[in-house]
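A.B. asks: Pasting a structure below so you can have a look.
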Amino acid sequence: MDGAFASASAISDQRQKIEQYKLILSSVITSSDIGQAKKFIDHMLSDDVPLVVSRQLLQIFAQELGRLEPESQKEIAHYTLTQIQPRVVSFEEQVLVIREKLAELYESEQLWSKAAQMLSGIDLDSTMRVIDDTFRLSKCVQIARLYLEDDDAVNAEAFINKASFLVSNSQHEVLNLQYKVCYARILDLKRKFLEAALRYYDISQIEKRQIGDEWIDEEALEQALSAAVTCTILAAAGPQRSRVLATLYKDERCSKLKIYPILQKVYLERILRKPEIDAFAEELKAHQKALLPDNFTVLDRAMIEHNLLSASKLYTNISFDELGTLLGIAPQKTGGFGLGEHVVRVIYPDMMALIAEKIASRMIYEDRMRGSIDQVEAVIHFEDDTEELQQWDQQIVGLCQALNDVLDSMAKKGLSIPV
C-alpha cells in the first residue's frame, strides 16, 4: 500500500495522478479492509497530496462508503471525520456526504438520536460554500423529526426554532407542512396542550391532497384531528379550552373519531367517571400519562380540573370533603405531600379535602373558574356568570340598535350606505 501511494504521489500529471488514486481507492473499497481504508484517509490528508486531488478523491470515497458493511462503514466514517476535523473548512462538501451516509445508516437501524446528532454536525452557516435557505430548512426539519422519533422535544425544539427563521420565506410546501407537524408535536411533548391542539387542528384542515410529491390521505388528517381533540381534553380547564372544545365539537368530522364520546361529555361539561377516563387513557401516548411532581399524572390533573369545572355548573357550593370524593382523588395521590403511608391512612379524608382545596384555589387564582373559598367552613362557593353574560348580550343588542338608527338616519337623508 505504501508503495502504491509513493508511486501515485510521484506522478506529476494531475489527471494521471487522480486516475491512479482512483485505482487504489477501488481496491480499498473492494477489499473492505478497514486498515487499508484508514491508511488511504491518512494519505489523502497528508501534505503529499494536493488539496484539489484530495478533495476529489475523498468525495468519491464518501460516496462509495455505502458499499461497505454497516459496522465497517461506521468505523471508517467516524475515523474519517476525526482526521478531517483539523482541516474541516477545506473538506466541508466531503464531510456533508459522510454525515448524510452515516445518518441514513443510523436511521435504517432506528437509532434516531444518533442519526440526528450526525446531521447536526453539518455546518449550515458556512461561508466557504453556497447554501440556500431551502437546504438549511430541510436539514433543520429533518433533524427535528429524527429527535421527535425518540420523543426528545428539547433538541427537536432547538432546530425547529432555527427553521422558524427560514420557513416564513419558504415556498416549499412539503417542508412547510413537515415544519408544522414537528412544531405541533413539540408543543404536545412539552405539555403545552392547548397550543398543540390548535396546531394539530390547523393541519387537519388542509384541503390539498397532494403537496409536491407527497400524497396526504384521509387517515393522516384524521390522526391530526384526533390529536387535536386529545390535546384539548388534556389542556388546563378554563375559558380558552372551552372555546377550542366548542370548535371541535361543531366539526362534523369529529363525530367519526373513536374518542368522540369523551369529547362530547367534556364539551357538555359532564362529570367523567373512572371507566370513561380509563378508556380514554388507553388512547394516550406515554408523555400524556407522565407522572408530575405532585404525584398526579398529566391525565389525572386534566380530569380532576375538568370534573371540578363541571361541578361548578351543578353546585352553588360544596364542602371540600364532598368535593374530594366527587373528584375521585385516590389515597395514593396524597404521597405528593411527602406523608408516610401510616399518616395518610389515618388522616386520608382530610388530605382528600386539602388536595381538592389546593386544585380549586389554583384554578380560581388563574381565573379559570369563578368562585371563592371559605376556609373556616371548608366550603367552596361557585359563582354563576349567567348575569354577566346577559349584560354582555344586552350591550351587543344596544350597539346593534344604535347602528341601525344611524343607518336609518343616513337613508332618510339620501346618503349612500356602504355594504
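Residue numbering restarts at 1 for every chain of the C-alpha cells, chains are lettered A, B, ... in their displayed order, and ligands are numbered from 1 as they appear.
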If we count only C-alpha atoms and set the cut-off at 6 Å, which residues sit around range 114-125 of chain A, ignoring sequence neighbours fewer than 2 positions away in its own chain? Please answer as a list in words.
C.D. replies: Arg99, Ala103, Tyr106, Glu107, Leu111, Trp112, Ile143 and Leu146 of chain A
A.B. asks: Just the selected residues (N, CA, C and O atoms), exported as a PDB file, in the first residue's frame, please.
C.D. replies:
ATOM      1  N   ARG A  99     -21.528  12.512   6.611  1.00  0.00           N
ATOM      2  CA  ARG A  99     -22.517  12.614   7.686  1.00  0.00           C
ATOM      3  C   ARG A  99     -23.910  12.170   7.217  1.00  0.00           C
ATOM      4  O   ARG A  99     -24.652  11.520   7.962  1.00  0.00           O
ATOM      5  N   ALA A 103     -25.954   9.100   8.775  1.00  0.00           N
ATOM      6  CA  ALA A 103     -27.304   9.354   9.291  1.00  0.00           C
ATOM      7  C   ALA A 103     -28.305   8.369   8.681  1.00  0.00           C
ATOM      8  O   ALA A 103     -29.185   7.849   9.378  1.00  0.00           O
ATOM      9  N   TYR A 106     -27.797   5.026  10.462  1.00  0.00           N
ATOM     10  CA  TYR A 106     -28.384   5.029  11.804  1.00  0.00           C
ATOM     11  C   TYR A 106     -29.911   5.016  11.737  1.00  0.00           C
ATOM     12  O   TYR A 106     -30.582   4.364  12.539  1.00  0.00           O
ATOM     13  N   GLU A 107     -30.450   5.742  10.758  1.00  0.00           N
ATOM     14  CA  GLU A 107     -31.910   5.794  10.619  1.00  0.00           C
ATOM     15  C   GLU A 107     -32.471   4.434  10.245  1.00  0.00           C
ATOM     16  O   GLU A 107     -33.526   4.023  10.742  1.00  0.00           O
ATOM     17  N   LEU A 111     -31.869   4.158  15.064  1.00  0.00           N
ATOM     18  CA  LEU A 111     -31.112   4.901  16.072  1.00  0.00           C
ATOM     19  C   LEU A 111     -31.306   6.378  15.768  1.00  0.00           C
ATOM     20  O   LEU A 111     -30.420   7.061  15.247  1.00  0.00           O
ATOM     21  N   TRP A 112     -32.499   6.859  16.106  1.00  0.00           N
ATOM     22  CA  TRP A 112     -32.940   8.175  15.656  1.00  0.00           C
ATOM     23  C   TRP A 112     -32.061   9.308  16.175  1.00  0.00           C
ATOM     24  O   TRP A 112     -31.673  10.199  15.415  1.00  0.00           O
ATOM     25  N   ILE A 143     -33.648  16.986  11.102  1.00  0.00           N
ATOM     26  CA  ILE A 143     -33.038  16.726  12.416  1.00  0.00           C
ATOM     27  C   ILE A 143     -34.106  16.738  13.506  1.00  0.00           C
ATOM     28  O   ILE A 143     -34.129  15.877  14.388  1.00  0.00           O
ATOM     29  N   LEU A 146     -36.153  13.555  13.439  1.00  0.00           N
ATOM     30  CA  LEU A 146     -35.412  12.421  13.987  1.00  0.00           C
ATOM     31  C   LEU A 146     -35.413  12.453  15.515  1.00  0.00           C
ATOM     32  O   LEU A 146     -35.623  11.426  16.173  1.00  0.00           O
TER      33      LEU A 146
END
A.B. asks: Hey, what's within 9 Å of Ile41 in chain A if we count only C-alpha atoms and toss same-chain stuff fewer than 2 positions away? As a list in words, please?
C.D. replies: Gln36, Ala37, Lys38, Lys39, His43, Met44, Leu45, Ser46, Leu58, Tyr79, Thr80, Gln83 and Ile84 of chain A
A.B. asks: Keeping all heavy atoms for every residue in the selection just given, could you write it to a file as an mmCIF file, in the first residue's frame?
C.D. replies:
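Dumped everything to result_16.cif:
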data_model
loop_
_atom_site.group_PDB
_atom_site.id
_atom_site.type_symbol
_atom_site.label_atom_id
_atom_site.label_comp_id
_atom_site.auth_asym_id
_atom_site.auth_seq_id
_atom_site.Cartn_x
_atom_site.Cartn_y
_atom_site.Cartn_z
ATOM 1 N N GLN A 36 -6.584 -0.659 5.575
ATOM 2 C CA GLN A 36 -6.190 -0.015 4.322
ATOM 3 C C GLN A 36 -6.986 1.269 4.096
ATOM 4 O O GLN A 36 -6.443 2.274 3.615
ATOM 5 C CB GLN A 36 -6.421 -0.977 3.147
ATOM 6 C CG GLN A 36 -5.411 -2.128 3.091
ATOM 7 C CD GLN A 36 -5.556 -2.952 1.826
ATOM 8 O OE1 GLN A 36 -6.379 -2.654 0.969
ATOM 9 N NE2 GLN A 36 -4.738 -3.994 1.705
ATOM 10 N N ALA A 37 -8.277 1.239 4.468
ATOM 11 C CA ALA A 37 -9.117 2.428 4.306
ATOM 12 C C ALA A 37 -8.588 3.578 5.160
ATOM 13 O O ALA A 37 -8.541 4.727 4.715
ATOM 14 C CB ALA A 37 -10.558 2.101 4.689
ATOM 15 N N LYS A 38 -8.165 3.268 6.369
ATOM 16 C CA LYS A 38 -7.621 4.306 7.256
ATOM 17 C C LYS A 38 -6.307 4.864 6.707
ATOM 18 O O LYS A 38 -6.057 6.080 6.787
ATOM 19 C CB LYS A 38 -7.418 3.741 8.664
ATOM 20 C CG LYS A 38 -8.731 3.476 9.412
ATOM 21 C CD LYS A 38 -8.476 2.928 10.812
ATOM 22 C CE LYS A 38 -9.783 2.728 11.574
ATOM 23 N NZ LYS A 38 -9.567 2.177 12.933
ATOM 24 N N LYS A 39 -5.487 3.982 6.150
ATOM 25 C CA LYS A 39 -4.234 4.440 5.544
ATOM 26 C C LYS A 39 -4.511 5.359 4.366
ATOM 27 O O LYS A 39 -3.802 6.351 4.159
ATOM 28 C CB LYS A 39 -3.399 3.242 5.083
ATOM 29 C CG LYS A 39 -2.705 2.487 6.208
ATOM 30 C CD LYS A 39 -1.834 1.397 5.655
ATOM 31 C CE LYS A 39 -1.078 0.666 6.765
ATOM 32 N NZ LYS A 39 -0.204 -0.407 6.224
ATOM 33 N N HIS A 43 -3.333 9.241 4.077
ATOM 34 C CA HIS A 43 -2.516 9.708 2.947
ATOM 35 C C HIS A 43 -3.189 10.890 2.244
ATOM 36 O O HIS A 43 -2.512 11.879 1.894
ATOM 37 C CB HIS A 43 -2.281 8.574 1.957
ATOM 38 C CG HIS A 43 -1.409 8.960 0.801
ATOM 39 N ND1 HIS A 43 -0.053 9.187 0.922
ATOM 40 C CD2 HIS A 43 -1.717 9.193 -0.506
ATOM 41 C CE1 HIS A 43 0.453 9.542 -0.242
ATOM 42 N NE2 HIS A 43 -0.545 9.541 -1.144
ATOM 43 N N MET A 44 -4.500 10.804 2.042
ATOM 44 C CA MET A 44 -5.237 11.880 1.369
ATOM 45 C C MET A 44 -5.140 13.195 2.138
ATOM 46 O O MET A 44 -5.166 14.285 1.549
ATOM 47 C CB MET A 44 -6.711 11.492 1.195
ATOM 48 C CG MET A 44 -7.000 10.475 0.116
ATOM 49 S SD MET A 44 -6.631 11.093 -1.549
ATOM 50 C CE MET A 44 -5.174 10.136 -1.946
ATOM 51 N N LEU A 45 -5.038 13.096 3.456
ATOM 52 C CA LEU A 45 -4.992 14.303 4.287
ATOM 53 C C LEU A 45 -3.565 14.764 4.586
ATOM 54 O O LEU A 45 -3.373 15.748 5.314
ATOM 55 C CB LEU A 45 -5.742 14.051 5.616
ATOM 56 C CG LEU A 45 -7.251 13.776 5.467
ATOM 57 C CD1 LEU A 45 -7.855 13.386 6.808
ATOM 58 C CD2 LEU A 45 -7.965 15.007 4.901
ATOM 59 N N SER A 46 -2.611 14.061 4.019
ATOM 60 C CA SER A 46 -1.206 14.434 4.247
ATOM 61 C C SER A 46 -0.781 15.536 3.278
ATOM 62 O O SER A 46 -1.488 15.851 2.311
ATOM 63 C CB SER A 46 -0.302 13.219 4.077
ATOM 64 O OG SER A 46 -0.285 12.801 2.720
ATOM 65 N N LEU A 58 -11.599 12.187 -1.852
ATOM 66 C CA LEU A 58 -12.400 11.996 -0.641
ATOM 67 C C LEU A 58 -13.899 12.099 -0.946
ATOM 68 O O LEU A 58 -14.718 11.463 -0.271
ATOM 69 C CB LEU A 58 -12.013 13.020 0.425
ATOM 70 C CG LEU A 58 -10.670 12.750 1.130
ATOM 71 C CD1 LEU A 58 -10.340 13.877 2.091
ATOM 72 C CD2 LEU A 58 -10.723 11.421 1.890
ATOM 73 N N TYR A 79 -13.753 7.551 11.765
ATOM 74 C CA TYR A 79 -12.301 7.802 11.707
ATOM 75 C C TYR A 79 -12.011 8.951 10.751
ATOM 76 O O TYR A 79 -11.209 9.859 11.052
ATOM 77 C CB TYR A 79 -11.564 6.541 11.261
ATOM 78 C CG TYR A 79 -10.071 6.717 11.158
ATOM 79 C CD1 TYR A 79 -9.251 6.622 12.281
ATOM 80 C CD2 TYR A 79 -9.460 6.970 9.926
ATOM 81 C CE1 TYR A 79 -7.874 6.797 12.198
ATOM 82 C CE2 TYR A 79 -8.091 7.144 9.820
ATOM 83 C CZ TYR A 79 -7.301 7.049 10.961
ATOM 84 O OH TYR A 79 -5.930 7.223 10.878
ATOM 85 N N THR A 80 -12.708 8.945 9.599
ATOM 86 C CA THR A 80 -12.506 9.991 8.587
ATOM 87 C C THR A 80 -12.897 11.363 9.142
ATOM 88 O O THR A 80 -12.160 12.347 8.967
ATOM 89 C CB THR A 80 -13.337 9.685 7.327
ATOM 90 O OG1 THR A 80 -12.996 8.383 6.839
ATOM 91 C CG2 THR A 80 -13.064 10.716 6.240
ATOM 92 N N GLN A 83 -10.248 12.597 11.578
ATOM 93 C CA GLN A 83 -8.999 13.000 10.922
ATOM 94 C C GLN A 83 -9.167 14.300 10.133
ATOM 95 O O GLN A 83 -8.244 15.107 10.049
ATOM 96 C CB GLN A 83 -8.501 11.887 9.989
ATOM 97 C CG GLN A 83 -8.138 10.575 10.695
ATOM 98 C CD GLN A 83 -7.078 10.772 11.767
ATOM 99 O OE1 GLN A 83 -7.368 10.721 12.963
ATOM 100 N NE2 GLN A 83 -5.840 11.022 11.362
ATOM 101 N N ILE A 84 -10.374 14.482 9.586
ATOM 102 C CA ILE A 84 -10.630 15.689 8.778
ATOM 103 C C ILE A 84 -10.813 16.922 9.654
ATOM 104 O O ILE A 84 -10.533 18.052 9.209
ATOM 105 C CB ILE A 84 -11.881 15.478 7.878
ATOM 106 C CG1 ILE A 84 -11.522 14.586 6.681
ATOM 107 C CG2 ILE A 84 -12.441 16.808 7.373
ATOM 108 C CD1 ILE A 84 -12.689 14.328 5.746
#
A.B. asks: Mind pulling up the distance from CA of Lys74 in chain A to CA of Val88 in chain A?
C.D. replies: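 Computed distance, CA of Val88 in chain A to CA of Lys74 in chain A, equals 18.8 Å.
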A.B. asks: Among range 26-123 of chain A, which residues carry a DSSP assignment of helix (DSSP H, G or I), reported as a ChimeraX atom specification?
C.D. replies: /A:26-31,34-44,51-67,70-108,112-120
A.B. asks: Could you check which of A:Asn404, A:Gln16, A:Thr325, A:Gln264 is closest to Tyr249 in chain A, using only C-alpha atoms?
C.D. replies: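 The closest residue to Tyr249 in chain A is A:Gln264.
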A.B. asks: Which residue, A:His78, A:Lys101, A:His287, A:His381, has the smallest gap to Asp188 in chain A when you use only C-alpha atoms?
C.D. replies: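 Under the stated criterion, the closest residue is A:His287.
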A.B. asks: For range 96-204 of chain A versus range 224-242 of chain A, which residues have an atom no more than 12 Å away, and what is each residue's nearest atom pair and distance in Å rounded to one decimal, using only C-alpha atoms, chain-then-number order, as CSV?
C.D. replies:
residue,atom,partner,partner_atom,distance
A:Lys180,CA,A:Ala224,CA,11.2
A:Val181,CA,A:Ala224,CA,8.8
A:Cys182,CA,A:Ala224,CA,11.9
A:Ala184,CA,A:Ala228,CA,9.5
A:Arg185,CA,A:Ala227,CA,9.4
A:Leu187,CA,A:Cys231,CA,9.8
A:Asp188,CA,A:Cys231,CA,7.2
A:Leu189,CA,A:Cys231,CA,10.3
A:Lys190,CA,A:Cys231,CA,11.4
A:Arg191,CA,A:Ala235,CA,8.2
A:Lys192,CA,A:Ala235,CA,7.5
A:Phe193,CA,A:Cys231,CA,4.8
A:Leu194,CA,A:Ala235,CA,5.4
A:Glu195,CA,A:Cys231,CA,8.6
A:Ala196,CA,A:Cys231,CA,6.7
A:Ala197,CA,A:Ala228,CA,4.1
A:Leu198,CA,A:Ala228,CA,6.7
A:Arg199,CA,A:Ala228,CA,7.7
A:Tyr200,CA,A:Ala228,CA,5.1
A:Tyr201,CA,A:Ala228,CA,5.4
A:Asp202,CA,A:Ala224,CA,8.7
A:Ile203,CA,A:Ala224,CA,6.5
A:Ser204,CA,A:Ala224,CA,5.2
A.B. asks: With only C-alpha atoms as the counted atoms, please give the residues lying no more than 12 Å from Glu282 in chain A, apart from itself and same-chain residues fewer than 5 positions off, as a list in words.
C.D. replies: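 The residues that qualify are Thr230, Lys258, Ile259, Pro275, Glu276, Ile277, Gln288, Lys289 and Leu299 of chain A.
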A.B. asks: Fewer than 5 positions away in the same chain doesn't count, so skip those; otherwise give me all residues within 12 Å of Phe61 in chain A, counting only C-alpha atoms, as a PyMOL selection string.
C.D. replies: chain A and resi 21-30+37-38+40-41+44+54-56+66-68+73+76-77+80+94-95+97-98+101
A.B. asks: So which one's closest to Leu272 in chain A, A:Asn307, A:Ser113, A:Thr247, A:Asn317? Using only C-alpha atoms, please.
C.D. replies: A:Asn307
A.B. asks: Range 204-288 of chain A: which residues are strand (DSSP E or B) by DSSP, as a PyMOL selection string?
C.D. replies: chain A and resi 210-211+214-215
A.B. asks: Keeping only C-alpha atoms, write the selected residues as a PDB file, in the first residue's frame.
C.D. replies:
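selection_33.pdb written:
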ATOM      1  CA  GLN A 210     -51.150  16.312  -2.945  1.00  0.00           C
ATOM      2  CA  ILE A 211     -48.384  18.623  -1.840  1.00  0.00           C
ATOM      3  CA  GLU A 214     -46.367  13.688  -1.225  1.00  0.00           C
ATOM      4  CA  TRP A 215     -49.947  12.455  -1.051  1.00  0.00           C
TER       5      TRP A 215
END
A.B. asks: Quick one, how far is CA of Ala158 in chain A from CA of Arg129 in chain A?
C.D. replies: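 So the two atoms, CA of Ala158 in chain A and CA of Arg129 in chain A, lie 23.8 Å apart.
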A.B. asks: Between A:Glu207, A:Glu377, A:Glu93, A:Asp405, which one has atoms that come closest to Val130 in chain A, using only C-alpha atoms?
C.D. replies: A:Glu93
A.B. asks: Using only C-alpha atoms, which of the listed residues (A:Asp13, A:Asp33, A:Glu69, A:Asp217) sits closest to Pro50 in chain A?
C.D. replies: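 Using only C-alpha atoms, Pro50 in chain A sits closest to A:Asp13.
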A.B. asks: Measuring atom to atom with only C-alpha atoms, identify which of A:Glu92, A:Glu222, A:Glu383, A:Asp42 is nearest to Lys313 in chain A.
C.D. replies: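 Among the listed residues, A:Glu383 lies closest to Lys313 in chain A.
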